[in-house]
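What follows is a short report on a single structure.
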Amino acid sequence: MEWVETTGKTVEEAKDLALDQLGVDTQDAEFEVLEEPRTGLFGRVRGEARVRARVAPRQQRPRQDRSSRNKGSAAPKAFTGGGGTEAMASTSRPRTGRRPGAAGSATVAAAAPAPDTAGPAPGGRTVDEIVSVEAQADIMESFLEGLLDAFGASASVNRRAVDEETLELAVEGDDLGLLIGPKGQTLGAVQELARTVVQRRAAGTHEGRVRIDVSGYRQHRREALERVTRQVAEEVHRSGARKAL
């Protein structure tokens with residue numbers, strides 16, 4: 001799969017754009033952060049984040065080496081007390097110097113089959129199982145409630161449908177600025193941690209998308225960007241001069 005390159009205000013935003021282009025979830029993609037925004041004077045962020053991503057190649061199970069199988073198939077020596085007979089399982093070739101048919105002759109030990117690593121993923125799910133967006137939201141909501149308890153914050157988590165494939169978990173309460181951070185960086189980190197928790201607890205194909213908002217930050221940010229876009233459009237319409245967004 002070829003790499004795609006995207007930019008955004010934050011690394012998280014650039015990754016989201018790359019996932020939209022690839023049409024896969026985070027666990028099915030590989031990322032390389034090419035450039036991160038720089039913090040300038042007075043904490044002002046300069047530049048954009050630039051990442052490239054591709055669909056992660058499927059990993060095949062390594063073949064078991066024949067020599068390692070033969071080594072692992074030999075049984076250990078067993079001794080009996082009081083001058084008993086020594087029993088030993090040999091390799092496929094008999095030892096020299098033994099008479100055919102003699103007592104205590106060597107036996108051939110069958111190589112043990114390689115253990116089957118396939119099976120249910122953690123949480124009782126198989127890798128081919130489809131994880132609904134509602135199930136993902138349940139896991140994320142539980143994670144958020146634990147995070148709020150750890151912060152000692154008094155807040156509630158409300159779920160709402162954004163569209164047919166997207167759910168939003170809105171965290172509402174007082175003094176939640178620590179969960180947002182400068183320019184929403186902490187909020188982006190919380191979103192990524194929640195995704196990681198979902199991937200570990202619910203392996204399989206994830207349907208839809210669950211996003212997290214704190215104190216309406218994402219909504220306010222969206223509205224601010226819409227206002228700026230309309231203002232620039234009006235200036236271009238009035239002056240006829242091109243402007244870059």
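All residue names refer to the structure tokens as shown: chains lettered A, B, ... in order, residues numbered from 1 in each chain, ligands numbered from 1 in order.
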Show which residues sit within 10 Å of region 151-165 of chain A, as a CSV table (one decimal) with C-alpha atoms, in the first residue's frame. Count only C-alpha atoms, and ignore same-chain residues fewer than 4 positions away.
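Dumped to out.csv:
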```csv
chain,number,residue,atom,x,y,z
A,132,SER,CA,-20.1,-2.0,16.7
A,133,VAL,CA,-19.8,1.8,17.3
A,134,GLU,CA,-22.0,1.4,20.4
A,137,ALA,CA,-18.6,3.9,23.0
A,138,ASP,CA,-19.3,1.7,26.0
A,141,GLU,CA,-17.3,5.8,28.4
A,142,SER,CA,-16.0,3.4,31.1
A,144,LEU,CA,-13.6,8.4,30.7
A,145,GLU,CA,-15.5,7.7,34.0
A,146,GLY,CA,-12.3,6.2,35.5
A,147,LEU,CA,-10.2,9.1,34.2
A,169,LEU,CA,-19.1,11.3,24.1
A,170,ALA,CA,-19.5,14.8,25.6
A,171,VAL,CA,-17.9,15.4,29.0
A,172,GLU,CA,-19.7,18.2,30.9
A,173,GLY,CA,-18.7,19.7,34.2
A,174,ASP,CA,-16.8,22.4,35.9
A,175,ASP,CA,-13.0,23.0,35.9
A,176,LEU,CA,-12.2,20.6,33.1
A,178,LEU,CA,-6.9,20.2,32.4
A,179,LEU,CA,-8.6,17.6,30.2
A,207,GLU,CA,-17.4,0.0,12.7
A,208,GLY,CA,-17.9,3.8,12.7
A,209,ARG,CA,-16.1,6.2,14.9
A,210,VAL,CA,-16.4,7.5,18.5
A,211,ARG,CA,-15.0,11.0,19.3
A,212,ILE,CA,-14.6,12.7,22.7
A,213,ASP,CA,-15.4,16.3,23.5
A,214,VAL,CA,-14.8,18.2,26.8
A,215,SER,CA,-16.9,21.2,27.8
```
Legend entry - For Thr196 (chain A): contacts at 9 Å, only C-alpha atoms, fewer than 4 positions along chain excluded, given as a ChimeraX atom specification: /A:26-27,191-192,200-201
Take the residues just selected and output them with C-alpha atoms as an mmCIF file, in the first residue's frame.
```cif
data_model
loop_
_atom_site.group_PDB
_atom_site.id
_atom_site.type_symbol
_atom_site.label_atom_id
_atom_site.label_comp_id
_atom_site.auth_asym_id
_atom_site.auth_seq_id
_atom_site.Cartn_x
_atom_site.Cartn_y
_atom_site.Cartn_z
ATOM 1 C CA THR A 26 -6.070 3.489 13.716
ATOM 2 C CA GLN A 27 -5.120 -0.113 14.484
ATOM 3 C CA GLN A 191 -8.914 10.600 22.480
ATOM 4 C CA GLU A 192 -5.872 8.548 21.438
ATOM 5 C CA ARG A 200 -6.916 -3.793 23.496
ATOM 6 C CA ARG A 201 -10.298 -4.745 24.919
#
```
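Between CA of Leu19 (chain A) and CA of Val55 (chain A) the interatomic distance comes to 9.0 Å.
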Legend entry - For CA of His206 (chain A) and CA of Ala56 (chain A), the interatomic separation in Å (one decimal):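 Between CA of His206 (chain A) and CA of Ala56 (chain A) the gap works out to 15.3 Å.
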Inset, instruction - Write down as an MDAnalysis selection string the residues belonging to region 134-233 of chain A that are assigned strand (DSSP E or B) by DSSP computed on the backbone. - result: chainID A and resid 155:163 166:173 205:206 209:214
Legend entry - Selected residue of minimal separation from Leu187 (chain A) among A:Gly216, A:Ala203, A:Glu48, A:Gln231, counting only C-alpha atoms: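 Ranked by minimum distance to Leu187 (chain A), first place goes to A:Gly216.
Counting only C-alpha atoms, the residue from A:Ile180, A:Met140, A:Ala150, A:Ala14 that sits nearest to Ala194 (chain A) is A:Met140.
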Inset, instruction - Would you mind telling me which residue in A:Val33, A:Val4, A:Val11, A:Val236 lies nearest to Ala53 (chain A) when using only C-alpha atoms? - result: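 Among the listed residues, A:Val4 lies closest to Ala53 (chain A).
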Inset, instruction - Between A:Lys183, A:Val228, A:Gln136, A:Glu223, single out the one closest to Val197 (chain A), counting only C-alpha atoms. - result: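 Of A:Lys183, A:Val228, A:Gln136, A:Glu223, the one nearest Val197 (chain A), counting only C-alpha atoms, is A:Gln136.
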Legend entry - Among the residues A:Leu167, A:Leu193, A:Ala49, A:Ala241, the one that comes closest to Leu34 (chain A) [using only C-alpha atoms]: A:Ala49
Legend entry - Who sits within 10 Å of Glu36 (chain A), only C-alpha atoms, same chain under 6 positions skipped, as a PyMOL selection string: chain A and resi 7-11+46-51
N, CA and C atoms of the current selection, written as a PDB file, in the first residue's frame:
```
ATOM      1  N   THR A   7      -1.469  16.973   6.394  1.00  0.00           N
ATOM      2  CA  THR A   7      -1.058  17.998   7.351  1.00  0.00           C
ATOM      3  C   THR A   7      -2.265  18.442   8.162  1.00  0.00           C
ATOM      4  N   GLY A   8      -1.988  19.008   9.327  1.00  0.00           N
ATOM      5  CA  GLY A   8      -3.050  19.501  10.189  1.00  0.00           C
ATOM      6  C   GLY A   8      -2.482  20.403  11.266  1.00  0.00           C
ATOM      7  N   LYS A   9      -3.378  21.019  12.013  1.00  0.00           N
ATOM      8  CA  LYS A   9      -2.936  21.891  13.099  1.00  0.00           C
ATOM      9  C   LYS A   9      -2.192  21.105  14.168  1.00  0.00           C
ATOM     10  N   THR A  10      -2.611  19.857  14.404  1.00  0.00           N
ATOM     11  CA  THR A  10      -1.983  18.974  15.377  1.00  0.00           C
ATOM     12  C   THR A  10      -1.677  17.641  14.717  1.00  0.00           C
ATOM     13  N   VAL A  11      -0.834  16.865  15.389  1.00  0.00           N
ATOM     14  CA  VAL A  11      -0.523  15.535  14.878  1.00  0.00           C
ATOM     15  C   VAL A  11      -1.782  14.682  14.832  1.00  0.00           C
ATOM     16  N   ARG A  46       3.468  27.592  15.775  1.00  0.00           N
ATOM     17  CA  ARG A  46       3.802  27.920  14.393  1.00  0.00           C
ATOM     18  C   ARG A  46       3.947  26.635  13.583  1.00  0.00           C
ATOM     19  N   GLY A  47       3.602  26.739  12.328  1.00  0.00           N
ATOM     20  CA  GLY A  47       3.720  25.595  11.437  1.00  0.00           C
ATOM     21  C   GLY A  47       2.594  24.599  11.630  1.00  0.00           C
ATOM     22  N   GLU A  48       2.665  23.537  10.872  1.00  0.00           N
ATOM     23  CA  GLU A  48       1.651  22.494  10.927  1.00  0.00           C
ATOM     24  C   GLU A  48       2.302  21.141  11.158  1.00  0.00           C
ATOM     25  N   ALA A  49       1.486  20.234  11.650  1.00  0.00           N
ATOM     26  CA  ALA A  49       1.942  18.857  11.784  1.00  0.00           C
ATOM     27  C   ALA A  49       1.835  18.171  10.419  1.00  0.00           C
ATOM     28  N   ARG A  50       2.824  17.360  10.100  1.00  0.00           N
ATOM     29  CA  ARG A  50       2.826  16.641   8.822  1.00  0.00           C
ATOM     30  C   ARG A  50       3.151  15.184   9.095  1.00  0.00           C
ATOM     31  N   VAL A  51       2.275  14.312   8.690  1.00  0.00           N
ATOM     32  CA  VAL A  51       2.466  12.880   8.887  1.00  0.00           C
ATOM     33  C   VAL A  51       2.236  12.153   7.572  1.00  0.00           C
TER      34      VAL A  51
END
```
Inset, instruction - Can you work out the spacing between CA of Arg52 (chain A) and CA of Ala18 (chain A) in Å, to one decimal? - result: 7.3 Å
